[in-house]
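J.: File upload.cif follows (mmCIF, C-alpha atoms (C1' of nucleotides)):
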```cif
data_input
loop_
_atom_site.label_atom_id
_atom_site.label_comp_id
_atom_site.auth_asym_id
_atom_site.auth_seq_id
_atom_site.Cartn_x
_atom_site.Cartn_y
_atom_site.Cartn_z
CA MET A 1 115.50 84.69 87.78
CA LYS A 2 115.61 83.34 91.30
CA ALA A 3 114.63 85.08 94.51
CA GLU A 4 118.26 85.00 95.54
CA GLU A 5 119.24 87.12 92.57
CA TYR A 6 116.63 89.72 93.40
CA SER A 7 117.99 89.81 96.95
CA THR A 8 121.46 90.44 95.59
CA LYS A 9 120.17 93.36 93.54
CA LEU A 10 118.54 94.89 96.59
CA ILE A 11 121.60 94.41 98.77
CA GLU A 12 123.85 95.97 96.14
CA LYS A 13 121.72 99.10 96.34
CA GLY A 14 121.74 99.12 100.13
CA LEU A 15 118.05 98.31 100.38
CA LYS A 16 116.63 95.99 102.99
CA VAL A 17 115.49 92.69 101.62
CA THR A 18 111.84 91.90 102.26
CA PRO A 19 109.46 89.40 100.65
CA GLN A 20 107.39 92.28 99.28
CA ARG A 21 110.37 93.89 97.59
CA ILE A 22 111.38 90.62 96.04
CA ALA A 23 107.83 90.09 94.84
CA VAL A 24 107.67 93.53 93.20
CA LEU A 25 111.05 93.09 91.56
CA GLU A 26 110.07 89.67 90.29
CA ALA A 27 106.80 90.99 88.89
CA ILE A 28 108.51 93.72 86.92
CA PHE A 29 111.12 91.37 85.55
CA GLU A 30 108.59 88.70 84.61
CA LEU A 31 105.85 90.89 83.18
CA LYS A 32 106.48 92.04 79.65
CA ASN A 33 105.09 95.14 77.96
CA HIS A 34 106.16 97.54 80.68
CA PRO A 35 103.58 96.87 83.36
CA THR A 36 101.42 99.38 85.17
CA ALA A 37 101.18 99.37 88.95
CA GLU A 38 97.90 97.53 88.55
CA ASN A 39 99.50 94.79 86.44
CA ILE A 40 102.17 94.39 89.08
CA ILE A 41 99.67 94.21 91.94
CA ASP A 42 97.57 91.60 90.12
CA TYR A 43 100.63 89.50 89.39
CA ILE A 44 101.91 89.61 92.95
CA ARG A 45 98.53 88.81 94.47
CA LYS A 46 98.52 85.42 92.77
CA ASN A 47 101.19 84.25 95.21
CA HIS A 48 100.94 86.93 97.82
CA PRO A 49 97.26 87.78 98.15
CA ASN A 50 97.49 90.20 101.04
CA ILE A 51 99.98 92.73 99.76
CA SER A 52 98.62 96.26 99.94
CA THR A 53 98.59 98.61 96.99
CA ALA A 54 100.32 101.24 99.10
CA THR A 55 103.18 98.85 99.73
CA VAL A 56 103.61 98.18 96.04
CA TYR A 57 103.66 101.89 95.26
CA LYS A 58 106.18 102.50 98.03
CA VAL A 59 108.40 99.68 96.84
CA LEU A 60 108.23 100.96 93.27
CA GLU A 61 109.26 104.40 94.47
CA ALA A 62 112.18 102.95 96.43
CA LEU A 63 113.31 100.86 93.45
CA ILE A 64 113.22 103.88 91.16
CA LEU A 65 115.20 106.03 93.59
CA SER A 66 117.81 103.31 93.92
CA GLY A 67 118.01 102.97 90.15
CA LEU A 68 116.88 99.34 89.98
CA ILE A 69 113.94 100.15 87.72
CA LYS A 70 112.75 103.10 85.65
CA ARG A 71 109.55 104.70 84.64
CA VAL A 72 108.56 104.72 81.00
CA THR A 73 107.20 107.90 79.46
CA THR A 74 103.69 107.70 78.06
CA GLU A 75 100.97 110.05 76.91
CA ARG A 76 98.52 108.58 79.37
CA ASP A 77 97.92 109.26 83.04
CA ILE A 78 99.00 105.80 84.11
CA MET A 79 102.58 105.15 85.05
CA ARG A 80 104.44 102.20 83.59
CA TYR A 81 107.65 100.60 84.69
CA ASP A 82 110.70 99.06 83.08
CA ALA A 83 113.24 96.65 84.53
CA LYS A 84 115.73 97.05 81.70
CA LEU A 85 118.57 99.33 82.69
CA GLU A 86 120.85 99.21 79.67
CA PRO A 87 120.38 102.25 77.43
CA HIS A 88 117.54 101.56 75.05
CA HIS A 89 114.63 103.12 73.25
CA HIS A 90 110.98 102.17 72.88
CA LEU A 91 108.59 101.29 70.10
CA TYR A 92 105.16 102.69 70.89
CA TYR A 93 102.37 100.89 69.05
CA SER A 94 99.89 103.53 67.97
CA ASP A 95 97.05 101.01 67.69
CA SER A 96 97.43 99.42 71.13
CA ASP A 97 99.08 100.04 74.46
CA LYS A 98 102.05 97.88 73.57
CA ILE A 99 105.50 99.30 74.25
CA VAL A 100 108.50 97.27 73.15
CA ASP A 101 112.17 97.74 73.95
CA TYR A 102 114.44 98.73 71.10
CA SER A 103 118.21 98.53 71.53
CA ASP A 104 120.48 99.86 68.82
CA GLU A 105 124.08 100.69 69.57
CA GLU A 106 124.65 102.19 66.15
CA LEU A 107 121.78 104.60 66.73
CA ASP A 108 123.09 105.46 70.20
CA LYS A 109 126.51 106.20 68.78
CA MET A 110 125.06 108.35 66.02
CA LEU A 111 123.00 110.36 68.48
CA THR A 112 125.78 110.91 71.02
CA ASP A 113 128.19 111.87 68.24
CA TYR A 114 125.63 114.29 66.90
CA PHE A 115 125.17 116.03 70.24
CA LYS A 116 128.90 116.05 70.90
CA LYS A 117 129.20 118.38 67.94
CA LYS A 118 125.87 120.18 68.17
CA LYS A 119 125.49 121.68 71.61
CA ILE A 120 122.15 122.90 72.92
CA SER A 121 122.66 126.27 74.54
CA ASN A 122 122.62 126.17 78.33
CA PHE A 123 121.63 122.51 78.46
CA LYS A 124 123.69 119.58 79.68
CA ILE A 125 122.38 116.34 78.21
CA GLU A 126 122.13 113.43 80.60
CA ASP A 127 120.17 110.96 78.54
CA LEU A 128 118.64 110.50 75.11
CA LYS A 129 115.56 108.38 74.53
CA LEU A 130 114.01 107.97 71.15
CA ASN A 131 110.28 107.25 71.05
CA ILE A 132 109.51 105.39 67.86
CA ILE A 133 105.79 105.53 67.17
CA GLY A 134 104.19 103.23 64.63
CA LYS A 135 102.47 99.91 64.13
CA SER A 136 103.08 96.41 62.86
CA PHE A 137 102.47 95.57 59.21
CA ASN A 138 100.14 92.66 59.77
CA ASN A 139 96.81 93.08 61.47
CA ARG A 140 97.45 90.94 64.51
CA LYS A 141 98.67 92.94 67.45
CA MET B 142 96.59 135.02 68.02
CA LYS B 143 93.05 136.28 67.65
CA ALA B 144 89.81 134.48 68.41
CA GLU B 145 89.04 134.52 64.73
CA GLU B 146 92.10 132.48 63.96
CA TYR B 147 91.15 129.86 66.54
CA SER B 148 87.72 129.67 64.92
CA THR B 149 89.31 129.06 61.57
CA LYS B 150 91.35 126.21 63.01
CA LEU B 151 88.23 124.61 64.43
CA ILE B 152 86.25 125.02 61.23
CA GLU B 153 89.06 123.53 59.19
CA LYS B 154 88.81 120.40 61.27
CA GLY B 155 85.04 120.29 61.02
CA LEU B 156 84.51 121.12 64.68
CA LYS B 157 81.73 123.36 65.91
CA VAL B 158 82.94 126.72 67.10
CA THR B 159 82.04 127.53 70.68
CA PRO B 160 83.43 130.07 73.14
CA GLN B 161 84.69 127.23 75.33
CA ARG B 162 86.65 125.65 72.51
CA ILE B 163 88.19 128.94 71.58
CA ALA B 164 89.13 129.50 75.21
CA VAL B 165 90.83 126.10 75.50
CA LEU B 166 92.70 126.57 72.26
CA GLU B 167 93.81 130.02 73.31
CA ALA B 168 95.01 128.73 76.68
CA ILE B 169 97.16 126.03 75.13
CA PHE B 170 98.64 128.43 72.62
CA GLU B 171 99.34 131.10 75.21
CA LEU B 172 100.61 128.95 78.06
CA LYS B 173 104.19 127.87 77.73
CA ASN B 174 105.84 124.82 79.24
CA HIS B 175 103.28 122.35 77.97
CA PRO B 176 100.39 122.97 80.34
CA THR B 177 98.47 120.44 82.36
CA ALA B 178 94.69 120.36 82.32
CA GLU B 179 94.82 122.21 85.62
CA ASN B 180 96.99 125.00 84.16
CA ILE B 181 94.55 125.33 81.29
CA ILE B 182 91.50 125.45 83.56
CA ASP B 183 93.10 128.10 85.79
CA TYR B 184 94.02 130.21 82.78
CA ILE B 185 90.56 130.03 81.22
CA ARG B 186 88.77 130.81 84.48
CA LYS B 187 90.37 134.22 84.59
CA ASN B 188 88.14 135.35 81.72
CA HIS B 189 85.57 132.63 81.75
CA PRO B 190 84.94 131.77 85.40
CA ASN B 191 82.11 129.29 84.92
CA ILE B 192 83.67 126.76 82.61
CA SER B 193 83.43 123.24 83.98
CA THR B 194 86.44 120.95 84.25
CA ALA B 195 84.56 118.24 82.39
CA THR B 196 84.10 120.59 79.47
CA VAL B 197 87.79 121.36 79.34
CA TYR B 198 88.66 117.67 79.36
CA LYS B 199 86.10 116.99 76.66
CA VAL B 200 87.38 119.83 74.52
CA LEU B 201 90.97 118.64 74.96
CA GLU B 202 89.93 115.17 73.85
CA ALA B 203 88.17 116.58 70.79
CA LEU B 204 91.16 118.73 69.88
CA ILE B 205 93.51 115.77 70.15
CA LEU B 206 91.28 113.56 68.00
CA SER B 207 91.07 116.27 65.37
CA GLY B 208 94.84 116.71 65.45
CA LEU B 209 94.83 120.35 66.56
CA ILE B 210 96.90 119.62 69.67
CA LYS B 211 98.94 116.73 71.00
CA ARG B 212 99.75 115.15 74.29
CA VAL B 213 103.30 115.20 75.53
CA THR B 214 104.79 112.01 76.96
CA THR B 215 105.94 112.21 80.57
CA GLU B 216 106.91 109.83 83.33
CA ARG B 217 104.24 111.29 85.59
CA ASP B 218 100.59 110.55 85.99
CA ILE B 219 99.52 113.99 84.85
CA MET B 220 98.82 114.65 81.22
CA ARG B 221 100.36 117.62 79.48
CA TYR B 222 99.46 119.23 76.19
CA ASP B 223 101.25 120.80 73.27
CA ALA B 224 99.95 123.20 70.65
CA LYS B 225 102.95 122.91 68.37
CA LEU B 226 102.26 120.65 65.45
CA GLU B 227 105.43 120.90 63.41
CA PRO B 228 107.73 117.93 64.01
CA HIS B 229 109.85 118.64 67.04
CA HIS B 230 111.46 117.08 70.07
CA HIS B 231 111.51 117.97 73.75
CA LEU B 232 114.07 118.89 76.36
CA TYR B 233 113.04 117.40 79.70
CA TYR B 234 114.62 119.20 82.65
CA SER B 235 115.57 116.54 85.19
CA ASP B 236 115.57 119.03 88.06
CA SER B 237 112.15 120.54 87.43
CA ASP B 238 108.98 119.89 85.51
CA LYS B 239 110.04 122.11 82.66
CA ILE B 240 109.66 120.74 79.15
CA VAL B 241 110.93 122.83 76.27
CA ASP B 242 110.44 122.39 72.54
CA TYR B 243 113.48 121.51 70.50
CA SER B 244 113.34 121.77 66.72
CA ASP B 245 116.26 120.56 64.65
CA GLU B 246 115.82 119.78 60.99
CA GLU B 247 119.30 118.37 60.68
CA LEU B 248 118.55 115.89 63.44
CA ASP B 249 115.22 114.98 61.85
CA LYS B 250 116.92 114.34 58.54
CA MET B 251 119.60 112.21 60.18
CA LEU B 252 117.00 110.11 61.99
CA THR B 253 114.73 109.58 59.01
CA ASP B 254 117.71 108.72 56.80
CA TYR B 255 118.88 106.27 59.43
CA PHE B 256 115.56 104.46 59.58
CA LYS B 257 115.21 104.50 55.82
CA LYS B 258 118.24 102.23 55.72
CA LYS B 259 117.75 100.35 58.96
CA LYS B 260 114.30 98.80 59.05
CA ILE B 261 112.76 97.50 62.24
CA SER B 262 111.22 94.12 61.54
CA ASN B 263 107.45 94.16 61.28
CA PHE B 264 107.18 97.79 62.34
CA LYS B 265 106.07 100.73 60.26
CA ILE B 266 107.37 103.97 61.71
CA GLU B 267 104.90 106.84 61.84
CA ASP B 268 106.77 109.30 64.00
CA LEU B 269 110.07 109.79 65.79
CA LYS B 270 110.34 111.84 68.97
CA LEU B 271 113.60 112.29 70.78
CA ASN B 272 113.38 112.93 74.51
CA ILE B 273 116.45 114.85 75.56
CA ILE B 274 116.85 114.65 79.33
CA GLY B 275 119.22 116.97 81.17
CA LYS B 276 119.52 120.27 82.97
CA SER B 277 120.76 123.78 82.50
CA PHE B 278 124.32 124.69 83.43
CA ASN B 279 123.52 127.54 85.74
CA ASN B 280 121.63 127.03 88.96
CA ARG B 281 118.62 129.14 88.20
CA LYS B 282 115.82 127.17 86.69
"C1'" DT C 283 63.18 131.20 62.65
"C1'" DC C 284 63.16 126.39 63.76
"C1'" DC C 285 65.21 121.96 64.54
"C1'" DT C 286 68.47 118.67 65.75
"C1'" DA C 287 72.75 116.89 66.80
"C1'" DA C 288 76.47 118.26 69.20
"C1'" DA C 289 78.33 120.56 73.01
"C1'" DA C 290 78.33 122.41 77.71
"C1'" DG C 291 77.40 122.01 82.44
"C1'" DA C 292 77.11 120.04 87.16
"C1'" DG C 293 78.23 116.83 90.09
"C1'" DA C 294 78.94 112.18 91.04
"C1'" DA C 295 81.83 108.33 90.14
"C1'" DT C 296 85.94 106.21 89.13
"C1'" DT C 297 90.72 105.33 89.10
"C1'" DA C 298 95.41 105.82 90.21
"C1'" DT C 299 98.31 107.35 93.48
"C1'" DT C 300 99.74 109.19 97.98
"C1'" DC C 301 99.35 110.00 102.82
"C1'" DT C 302 98.85 108.96 107.71
"C1'" DC C 303 99.34 106.45 111.36
"C1'" DT C 304 100.21 102.14 113.61
"C1'" DC C 305 102.43 97.83 114.03
"C1'" DC C 306 106.16 94.74 113.20
"C1'" DT C 307 110.81 93.08 112.61
"C1'" DG C 308 115.56 92.69 112.70
"C1'" DA C 309 119.92 94.47 113.67
"C1'" DA C 310 122.66 96.92 117.14
"C1'" DA C 311 123.58 98.33 121.90
"C1'" DG C 312 123.82 97.56 126.39
"C1'" DC D 313 119.61 87.91 126.47
"C1'" DT D 314 116.73 91.89 126.48
"C1'" DT D 315 115.87 96.57 125.03
"C1'" DT D 316 115.95 100.06 121.72
"C1'" DC D 317 115.29 102.04 117.42
"C1'" DA D 318 114.84 102.82 112.59
"C1'" DG D 319 113.12 101.34 108.46
"C1'" DG D 320 109.63 98.84 106.33
"C1'" DA D 321 104.87 96.95 105.81
"C1'" DG D 322 100.07 97.31 106.23
"C1'" DA D 323 95.29 99.20 106.13
"C1'" DG D 324 92.36 102.47 105.02
"C1'" DA D 325 91.45 107.11 104.32
"C1'" DA D 326 92.51 111.01 101.56
"C1'" DT D 327 93.64 113.25 97.50
"C1'" DA D 328 94.00 114.35 92.72
"C1'" DA D 329 93.17 113.74 88.02
"C1'" DT D 330 90.12 112.21 84.84
"C1'" DT D 331 85.76 110.28 83.13
"C1'" DC D 332 80.93 109.41 83.22
"C1'" DT D 333 75.94 110.38 83.43
"C1'" DC D 334 72.31 112.97 82.83
"C1'" DT D 335 70.20 117.40 81.76
"C1'" DT D 336 70.17 121.78 79.57
"C1'" DT D 337 71.83 124.80 76.15
"C1'" DT D 338 73.53 126.19 71.74
"C1'" DA D 339 75.52 126.40 67.00
"C1'" DG D 340 74.59 126.23 62.54
"C1'" DG D 341 72.17 124.19 58.73
"C1'" DA D 342 67.32 123.62 56.74
#
```
Take the structure in the file and give it back as structure tokens.
T.:
Amino acid sequence: MKAEEYSTKLIEKGLKVTPQRIAVLEAIFELKNHPTAENIIDYIRKNHPNISTATVYKVLEALILSGLIKRVTTERDIMRYDAKLEPHHHLYYSDSDKIVDYSDEELDKMLTDYFKKKKISNFKIEDLKLNIIGKSFNNRK
Amino acid sequence: MKAEEYSTKLIEKGLKVTPQRIAVLEAIFELKNHPTAENIIDYIRKNHPNISTATVYKVLEALILSGLIKRVTTERDIMRYDAKLEPHHHLYYSDSDKIVDYSDEELDKMLTDYFKKKKISNFKIEDLKLNIIGKSFNNRK
DNA sequence: TCCTAAAAGAGAATTATTCTCTCCTGAAAG
DNA sequence: CTTTCAGGAGAGAATAATTCTCTTTTAGGA
């Protein structure tokens, strides 16, 4: 994706366009495996050595508030980020820190249908995310 | 639950029984809303003022490894713990930090049936956890 | 009762994240 | 064209959660 496209995304959300914001957006879109803030900072510093960690954290916060990125839930005390906005679920590898996107419209339909019938008392569902925990068959990660 | 029962749990897992371990176990079982380490430490200190934070963290780690408790996934950088071992899902309140257990055998059956038919390539499923995000209808939390 | 490995304890160290305060920039107003 | 002003960026300190290191204590079997 080109810098111009990242600018467009920012403008659409009413955010000011700055080189740092483009760099953070680019990092999240390029890095696979749902990067941590540290991964993002390392990636950006290759081309942009002077960016401050505080700036990256502030940009991440702004991007989340605007809805351009999301946080991924984990069991660890490190936050991870996700550039994919379409509804999707995650495969959590129990033998590594790998997290892989899993999209499945049939599953989504089944789940929404299920909760259309089966209400949870005093709870209005906004989103459903299935965490699929497991590992690959072969030994290589 | 009585101290004796916590001892039994520890012994069953081959863990040494100590007052600190019983206190941590008791805290997690008594505290609702999936406590943080801080919640647990505060609770224990009421009866056991000298316990060190490092001990609590070490006990939590040991309990997780033995399978007596679990960590709950969150989007935050604070770890939370869960004493409930039966398969269950969680309701995440989007307007507070509340996390509530949600058990639903019918849902579990539907999901396992679904993934019995629909395999994910090169992935062996070990567990399925649905994160249900939403909020209560009324304003009170 | 004694012995030994495991556990607890204290406090420092580490790590991730957030805060504070200042400076800069770019658009808008005059 | 200059001034103003608000939002953003930056640096470094501060904070908060967790982990580590080293020493002392203890549980539980011999």
J.: Can I get the residues of chain B within 9 Å of chain D, each with the closest pair of atoms and their distance in Å to one decimal, using only C-alpha atoms (C1' of nucleotides), sorted chain first then ascending number, as JSON lines?
T.:
```
{"residue": "B:Lys157", "atom": "CA", "partner": "D:DA339", "partner_atom": "C1'", "distance": 7.0}
{"residue": "B:Val158", "atom": "CA", "partner": "D:DA339", "partner_atom": "C1'", "distance": 7.4}
{"residue": "B:Thr159", "atom": "CA", "partner": "D:DA339", "partner_atom": "C1'", "distance": 7.6}
{"residue": "B:Ala178", "atom": "CA", "partner": "D:DA329", "partner_atom": "C1'", "distance": 8.9}
{"residue": "B:Glu179", "atom": "CA", "partner": "D:DA329", "partner_atom": "C1'", "distance": 9.0}
{"residue": "B:Ala195", "atom": "CA", "partner": "D:DT331", "partner_atom": "C1'", "distance": 8.1}
{"residue": "B:Tyr198", "atom": "CA", "partner": "D:DT330", "partner_atom": "C1'", "distance": 7.9}
{"residue": "B:Asp218", "atom": "CA", "partner": "D:DA329", "partner_atom": "C1'", "distance": 8.3}
{"residue": "B:Ile219", "atom": "CA", "partner": "D:DA329", "partner_atom": "C1'", "distance": 7.1}
{"residue": "B:Met220", "atom": "CA", "partner": "D:DA329", "partner_atom": "C1'", "distance": 8.9}
```
J.: Hey, can you spit out that residue selection with C-alpha atoms as a short mmCIF file (atom, residue, chain, number, x, y, z; two decimals), keeping the file's coordinate frame?
T.:
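What landed in result_16.cif:
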```
data_model
loop_
_atom_site.label_atom_id
_atom_site.label_comp_id
_atom_site.auth_asym_id
_atom_site.auth_seq_id
_atom_site.Cartn_x
_atom_site.Cartn_y
_atom_site.Cartn_z
CA LYS B 157 81.73 123.36 65.91
CA VAL B 158 82.94 126.72 67.10
CA THR B 159 82.04 127.53 70.68
CA ALA B 178 94.69 120.36 82.32
CA GLU B 179 94.82 122.21 85.62
CA ALA B 195 84.56 118.24 82.39
CA TYR B 198 88.66 117.67 79.36
CA ASP B 218 100.59 110.55 85.99
CA ILE B 219 99.52 113.99 84.85
CA MET B 220 98.82 114.65 81.22
#
```
J.: Enumerate as a ChimeraX atom specification the residues belonging to chain B that approach chain A to within 10 Å, with only C-alpha atoms taken into account.
T.: /B:211-222,230,232-235,243,247-248,251-252,255-256,259,261-279
J.: By how many Å are CA of Leu206 in chain B and CA of Leu156 in chain B apart?
T.: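 Spanning CA of Leu206 in chain B to CA of Leu156 in chain B is a straight-line distance of 10.7 Å.
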J.: Do you know which residues the PyMOL selection byres ((chain C and resi 283-294) around 7) returns on this file, as an MDAnalysis selection string?
T.: (chainID B and resid 193 196) or (chainID C and resid 295)
J.: For the PyMOL selection byres ((chain C) within 10 of (chain A)), applied here, can you spell out every residue it catches as a compact mmCIF listing (two decimals) with C-alpha atoms (C1' of nucleotides), in the frame of the given file?
T.:
```txt
# COMPACT_ATOMS: atom_id res chain seq x y z
C1' DT C 297 90.72 105.33 89.10
C1' DA C 298 95.41 105.82 90.21
C1' DT C 299 98.31 107.35 93.48
C1' DT C 300 99.74 109.19 97.98
C1' DC C 301 99.35 110.00 102.82
```
J.: If you apply the PyMOL selection byres ((chain A and resi 28) around 12) to this file, what residues do you get, as a PDB file with C-alpha atoms, in the frame of the given file?
T.:
```
ATOM      1  CA  MET A   1     115.500  84.690  87.780  1.00  0.00           C
ATOM      2  CA  TYR A   6     116.630  89.720  93.400  1.00  0.00           C
ATOM      3  CA  ARG A  21     110.370  93.890  97.590  1.00  0.00           C
ATOM      4  CA  ILE A  22     111.380  90.620  96.040  1.00  0.00           C
ATOM      5  CA  ALA A  23     107.830  90.090  94.840  1.00  0.00           C
ATOM      6  CA  VAL A  24     107.670  93.530  93.200  1.00  0.00           C
ATOM      7  CA  LEU A  25     111.050  93.090  91.560  1.00  0.00           C
ATOM      8  CA  GLU A  26     110.070  89.670  90.290  1.00  0.00           C
ATOM      9  CA  ALA A  27     106.800  90.990  88.890  1.00  0.00           C
ATOM     10  CA  PHE A  29     111.120  91.370  85.550  1.00  0.00           C
ATOM     11  CA  GLU A  30     108.590  88.700  84.610  1.00  0.00           C
ATOM     12  CA  LEU A  31     105.850  90.890  83.180  1.00  0.00           C
ATOM     13  CA  LYS A  32     106.480  92.040  79.650  1.00  0.00           C
ATOM     14  CA  ASN A  33     105.090  95.140  77.960  1.00  0.00           C
ATOM     15  CA  HIS A  34     106.160  97.540  80.680  1.00  0.00           C
ATOM     16  CA  PRO A  35     103.580  96.870  83.360  1.00  0.00           C
ATOM     17  CA  THR A  36     101.420  99.380  85.170  1.00  0.00           C
ATOM     18  CA  ALA A  37     101.180  99.370  88.950  1.00  0.00           C
ATOM     19  CA  GLU A  38      97.900  97.530  88.550  1.00  0.00           C
ATOM     20  CA  ASN A  39      99.500  94.790  86.440  1.00  0.00           C
ATOM     21  CA  ILE A  40     102.170  94.390  89.080  1.00  0.00           C
ATOM     22  CA  ILE A  41      99.670  94.210  91.940  1.00  0.00           C
ATOM     23  CA  ASP A  42      97.570  91.600  90.120  1.00  0.00           C
ATOM     24  CA  TYR A  43     100.630  89.500  89.390  1.00  0.00           C
ATOM     25  CA  ILE A  44     101.910  89.610  92.950  1.00  0.00           C
ATOM     26  CA  VAL A  56     103.610  98.180  96.040  1.00  0.00           C
ATOM     27  CA  VAL A  59     108.400  99.680  96.840  1.00  0.00           C
ATOM     28  CA  LEU A  60     108.230 100.960  93.270  1.00  0.00           C
ATOM     29  CA  LEU A  63     113.310 100.860  93.450  1.00  0.00           C
ATOM     30  CA  ILE A  64     113.220 103.880  91.160  1.00  0.00           C
ATOM     31  CA  LEU A  68     116.880  99.340  89.980  1.00  0.00           C
ATOM     32  CA  ILE A  69     113.940 100.150  87.720  1.00  0.00           C
ATOM     33  CA  LYS A  70     112.750 103.100  85.650  1.00  0.00           C
ATOM     34  CA  ARG A  71     109.550 104.700  84.640  1.00  0.00           C
ATOM     35  CA  ARG A  80     104.440 102.200  83.590  1.00  0.00           C
ATOM     36  CA  TYR A  81     107.650 100.600  84.690  1.00  0.00           C
ATOM     37  CA  ASP A  82     110.700  99.060  83.080  1.00  0.00           C
ATOM     38  CA  ALA A  83     113.240  96.650  84.530  1.00  0.00           C
ATOM     39  CA  LYS A  84     115.730  97.050  81.700  1.00  0.00           C
TER      40      LYS A  84
END
```
J.: Using Å and a single decimal, report how far CA of Lys117 in chain A sits from CA of Asp101 in chain A.
T.: 27.4 Å
J.: Just how far from CA of Gly67 in chain A is CA of Lys9 in chain A, in Å to one decimal?
T.: 10.4 Å
J.: Box time for range 290-305 of chain C: axis-aligned, enclosing all its listed atoms, 5 Å extra on each side; report centre and edge lengths in Å to one decimal, as lines of an AutoDock Vina configuration file.
T.:
```
center_x = 89.8
center_y = 110.1
center_z = 95.9
size_x = 35.3
size_y = 34.6
size_z = 46.3
```
J.: Could range 61-73 of chain A be completed with N, CA and C atoms and written as a JSON list (two decimals), in the coordinates of the input, please?
T.:
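Wrote it out as part-v4.json, contents follow:
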```json
[["chain", "number", "residue", "atom", "x", "y", "z"],
["A", 61, "GLU", "N", 108.56, 103.13, 94.26],
["A", 61, "GLU", "CA", 109.26, 104.40, 94.47],
["A", 61, "GLU", "C", 110.69, 104.16, 94.94],
["A", 62, "ALA", "N", 110.83, 103.24, 95.90],
["A", 62, "ALA", "CA", 112.18, 102.95, 96.43],
["A", 62, "ALA", "C", 113.07, 102.36, 95.34],
["A", 63, "LEU", "N", 112.51, 101.49, 94.51],
["A", 63, "LEU", "CA", 113.31, 100.86, 93.45],
["A", 63, "LEU", "C", 113.74, 101.90, 92.42],
["A", 64, "ILE", "N", 112.86, 102.84, 92.13],
["A", 64, "ILE", "CA", 113.22, 103.88, 91.16],
["A", 64, "ILE", "C", 114.32, 104.76, 91.73],
["A", 65, "LEU", "N", 114.18, 105.17, 92.98],
["A", 65, "LEU", "CA", 115.20, 106.03, 93.59],
["A", 65, "LEU", "C", 116.55, 105.34, 93.61],
["A", 66, "SER", "N", 116.54, 104.04, 93.86],
["A", 66, "SER", "CA", 117.81, 103.31, 93.92],
["A", 66, "SER", "C", 118.37, 103.03, 92.53],
["A", 67, "GLY", "N", 117.55, 103.23, 91.50],
["A", 67, "GLY", "CA", 118.01, 102.97, 90.15],
["A", 67, "GLY", "C", 117.84, 101.53, 89.69],
["A", 68, "LEU", "N", 117.08, 100.74, 90.40],
["A", 68, "LEU", "CA", 116.88, 99.34, 89.98],
["A", 68, "LEU", "C", 115.84, 99.21, 88.87],
["A", 69, "ILE", "N", 114.93, 100.14, 88.80],
["A", 69, "ILE", "CA", 113.94, 100.15, 87.72],
["A", 69, "ILE", "C", 113.76, 101.60, 87.26],
["A", 70, "LYS", "N", 113.03, 101.76, 86.17],
["A", 70, "LYS", "CA", 112.75, 103.10, 85.65],
["A", 70, "LYS", "C", 111.29, 103.22, 85.29],
["A", 71, "ARG", "N", 110.87, 104.47, 85.19],
["A", 71, "ARG", "CA", 109.55, 104.70, 84.64],
["A", 71, "ARG", "C", 109.67, 104.90, 83.15],
["A", 72, "VAL", "N", 108.61, 104.54, 82.44],
["A", 72, "VAL", "CA", 108.56, 104.72, 81.00],
["A", 72, "VAL", "C", 107.67, 105.92, 80.72],
["A", 73, "THR", "N", 108.06, 106.77, 79.78],
["A", 73, "THR", "CA", 107.20, 107.90, 79.46],
["A", 73, "THR", "C", 106.04, 107.45, 78.59]]
```
